[in-house]
Structure formats: C-alpha cells, structure tokens
Amino acid sequence: MNSPYRDNFRIQGYRFGEGAKTLAIVGAMRGDEVQQQYICSQLVSRLTMMEQRGEIVDGHSLLVIPSCNPFSMNVCRRFWAMDSTDINRMFPGYDQGETTQRIAAAIFTALNGFEYGLQLASYYVPGDFIPHVRMLKTGYEDVETARLFGMKYVTICKPRPFDTTLLNYNWQLWATKAFSVYAGQTNQIDLKTSGETIDAILRMMQRTGIVSHGSLGAAYESVVIDEVELLHVKARHAGIFYRLVNAGSRVFPGESLAHIIDPYNGQILNDVKATVEGTVFFAHNRPVVLQNALLFMIHTL
C-alpha cells in the first residue's frame, strides 16, 4: 500500500520448496511481538540452509511471513499505528474495507490453501507463558498433530464471539490445520524459550514428513488441557507488582506468589498466595497492576 510516511507498506514472505502448499508460518501480527518475529527470522535462516542441503522433502512448499505489521513495530505500538485496530481481529478480511481489513484480506489470500498453518501468537494480557500450542475448538481442531510439536502443553479453548475474526479460527474454517504457538515472551527476546519453540516447529515439520531432518532438542509427551481448567489468580489491589515465582514454577498452598506494594508508602497491600498445588502456566510481567488484573494462571493437575 502507498504510505504518507517514508516508504510504502509491504509484507515480505519467504518461500521454500516446491509443490503442494504444505505449511505457512506467520510471525508478528502486532507491533510488540518481537520474540515472534525473531523466531521467524531464525526459521528463515534455518530453512534456507536446509533447502541448500536438500532437506526439504520433494513436493512440499512452505511460506514464512516474519512480520505482518512493520509500521507498528517501527514506532513501538502494539496495534495498527494509525487507528489502534488489531489486524489479528480482522480476518478473513475485506479488500474494500478499512486499512487493517485490507491488510488481513491480502494476508489471508496468501495463506489460504495450505495444509498446515502456524501462527506465532501473543496473549491479550502481558506476561510470561510456558511455551505451548493452542487451538480454538471449532470442530476442526487437530489435537494429534498438535502433539507432534513435542511441547509441554497443548491447550484448547472454546472461542468467544470476537474470536471468530482471528486468523487461527478462519484458517480452520477454510480447511487448514491451524495452530497458535505461544513462545513464552512477547516484547523481549528470550533465547531459551525461543530456542525451544524453534525446535518444536522443526520437530513437527520432521514428524509430518515436510523436512527430512528436524530438531535435536528434547521433546515432551504433551499434556492436553482445556483452558477452563486453569485457575486464574487476580489482583485484589492496584499497585507495584513484585513477582516471586516464574512461569513453570511448581507452587503449593500458602506459598507467596507475588507482592502488590503501595507505590507511595511501600506497604504490602496484597500478599498473593497460592491456594492449590500446581504449575504456574502464565505469570504477569509488568511492574504495575490494576485491581482485578490477571496475575497468574495455574495448572492444578
């Protein structure tokens, strides 16, 4: 698209292999998804070398789009820089609509028809996750293929009405086996979780016969959970958030998870404690929280 600022708006994709449209991978849809774009950049580098070595199996073509929103990333805005709309809430798009609807329509045209679709996604609440694969329950979700990533968790969730405009949801309706991969972080690069995620994606590609050599990293026997099973822990007060445990920590009843501190006098307003034994699946990571904000999600089994 033409742009009134600097260069025109372009979305760059990298194609590998030849033949049937097998796998499409999408990175940063929002301007703060730095970890997601980094992972895609590393996949482009790895797939380039693998193609040169003949390790992409004949008859398979791949598409990798590292970033769908470079304008917002350039100015450090999560959503579309002009009007704060979310491209990932605009699918399947409308090529005669508003700007983000047109962008979504162009992206979806390029992505439609692939057997597998993989989005490096981020959560609507800022925080750290255990890396995992997530699917919406549309009736077309493919749990067995999700297990092939070898990540610790596979989660499924019932879509809410506004989830019907997500890329993942529409991919599934158009007969693509779609998976959202949450890589632990969003607005910063974590080499450990990004490495685990890259290994998982290459492992899935090897196990589905797309590439002949995949990941050498350790794989998990994935635990499948419905997101309604996760215990949500929320803030009783607003204030400075001092976290005591991390995503992946094992916690026990009565253990302190975080302190919420009065920003003026330093008093502890809320000693956030675990009420169950479980694993911290998600942990808020911003230094300030509002009352009733989501702080932790705990898997109790």
# chains A, B, ... in the order shown; residues from 1 in each chain; ligands from 1
call {"tool": "closest_atom_pairs", "arguments": {"of": "stretch 58-156 of chain A", "to": "stretch 185-189 of chain A", "cutoff": "7 Å", "atoms": "only C-alpha atoms", "output": "CSV"}}
result
residue,atom,partner,partner_atom,distance
A:Ser122,CA,A:Thr186,CA,6.2
A:Asp128,CA,A:Gln185,CA,5.4
A:Phe129,CA,A:Gln185,CA,6.8
call {"tool": "select_by_dssp", "arguments": {"residues": "stretch 88-195 of chain A", "states": "strand (DSSP E)", "output": "JSON, numbers by chain"}}
result
{"A": [116, 117, 118, 119, 120, 121, 127, 128, 129, 132, 133, 134, 135, 136, 153, 154, 155, 156, 157, 177, 178, 179, 180, 181, 182]}
call {"tool": "write_last_selection", "arguments": {"atoms": "C-alpha atoms", "output": "PDB file, in the first residue's frame"}}
result
ATOM      1  CA  TYR A 116      -0.929 -26.622   7.951  1.00  0.00           C
ATOM      2  CA  GLY A 117      -0.944 -23.090   9.345  1.00  0.00           C
ATOM      3  CA  LEU A 118       1.174 -21.921  12.253  1.00  0.00           C
ATOM      4  CA  GLN A 119       0.938 -18.518  13.933  1.00  0.00           C
ATOM      5  CA  LEU A 120       3.443 -17.247  16.496  1.00  0.00           C
ATOM      6  CA  ALA A 121       0.865 -15.558  18.708  1.00  0.00           C
ATOM      7  CA  GLY A 127       3.050 -11.860  30.764  1.00  0.00           C
ATOM      8  CA  ASP A 128       5.257 -14.937  30.518  1.00  0.00           C
ATOM      9  CA  PHE A 129       3.977 -18.365  29.449  1.00  0.00           C
ATOM     10  CA  HIS A 132       2.752 -24.282  24.319  1.00  0.00           C
ATOM     11  CA  VAL A 133       0.486 -24.953  21.341  1.00  0.00           C
ATOM     12  CA  ARG A 134      -3.042 -23.510  21.435  1.00  0.00           C
ATOM     13  CA  MET A 135      -6.104 -24.345  19.338  1.00  0.00           C
ATOM     14  CA  LEU A 136      -9.626 -22.980  19.163  1.00  0.00           C
ATOM     15  CA  TYR A 153       1.334 -28.373  26.867  1.00  0.00           C
ATOM     16  CA  VAL A 154      -1.347 -28.362  24.195  1.00  0.00           C
ATOM     17  CA  THR A 155      -4.312 -26.185  25.156  1.00  0.00           C
ATOM     18  CA  ILE A 156      -7.756 -25.964  23.632  1.00  0.00           C
ATOM     19  CA  CYS A 157     -10.349 -23.293  24.282  1.00  0.00           C
ATOM     20  CA  LYS A 177      -4.972 -27.361  10.259  1.00  0.00           C
ATOM     21  CA  ALA A 178      -4.185 -24.275  12.318  1.00  0.00           C
ATOM     22  CA  PHE A 179      -2.066 -23.942  15.444  1.00  0.00           C
ATOM     23  CA  SER A 180      -1.092 -20.940  17.559  1.00  0.00           C
ATOM     24  CA  VAL A 181       2.282 -21.297  19.231  1.00  0.00           C
ATOM     25  CA  TYR A 182       2.985 -19.211  22.328  1.00  0.00           C
TER      26      TYR A 182
END
call {"tool": "residues_around", "arguments": {"residues": "stretch 158-166 of chain A", "least_positions_apart": "2", "cutoff": "8 Å", "atoms": "only C-alpha atoms", "output": "CSV table (one decimal) with C-alpha atoms, in the first residue's frame"}}
result
chain,number,residue,atom,x,y,z
A,88,ASN,CA,-5.5,-10.2,14.1
A,89,ARG,CA,-9.1,-9.3,14.8
A,90,MET,CA,-9.9,-8.6,11.1
A,91,PHE,CA,-9.8,-12.0,9.4
A,92,PRO,CA,-10.7,-13.2,6.8
A,136,LEU,CA,-9.6,-23.0,19.2
A,137,LYS,CA,-12.4,-25.5,19.4
A,138,THR,CA,-14.1,-25.2,16.1
A,156,ILE,CA,-7.8,-26.0,23.6
A,168,ASN,CA,-6.5,-19.2,13.6
A,169,TYR,CA,-10.3,-19.5,13.6
A,170,ASN,CA,-10.7,-18.6,9.9
call {"tool": "closest_atom_pairs", "arguments": {"of": "stretch 42-161 of chain A", "to": "stretch 194-216 of chain A", "cutoff": "6 Å", "atoms": "only C-alpha atoms", "output": "Markdown table"}}
result
| residue | atom | partner | partner_atom | distance |
| --- | --- | --- | --- | --- |
| A:Glu55 | CA | A:Ser212 | CA | 5.2 |
| A:Ile56 | CA | A:Val211 | CA | 4.4 |
| A:Val57 | CA | A:Val211 | CA | 5.2 |
| A:Leu148 | CA | A:Met204 | CA | 5.2 |
| A:Phe149 | CA | A:Met204 | CA | 4.6 |
call {"tool": "residues_around", "arguments": {"residues": "stretch 61-75 of chain A", "least_positions_apart": "6", "cutoff": "6 Å", "atoms": "only C-alpha atoms", "output": "list in words"}}
result
Ile11, Gly13, Tyr14, Arg15, Phe16, Gly17, Glu18, Gly19, Ala20, Lys21, Thr22, Leu23, Ala24, Ile25, Val26, Gly27, Ala28, Met29, Arg30, Gly31, Gln37, Cys40 and Ala81 of chain A
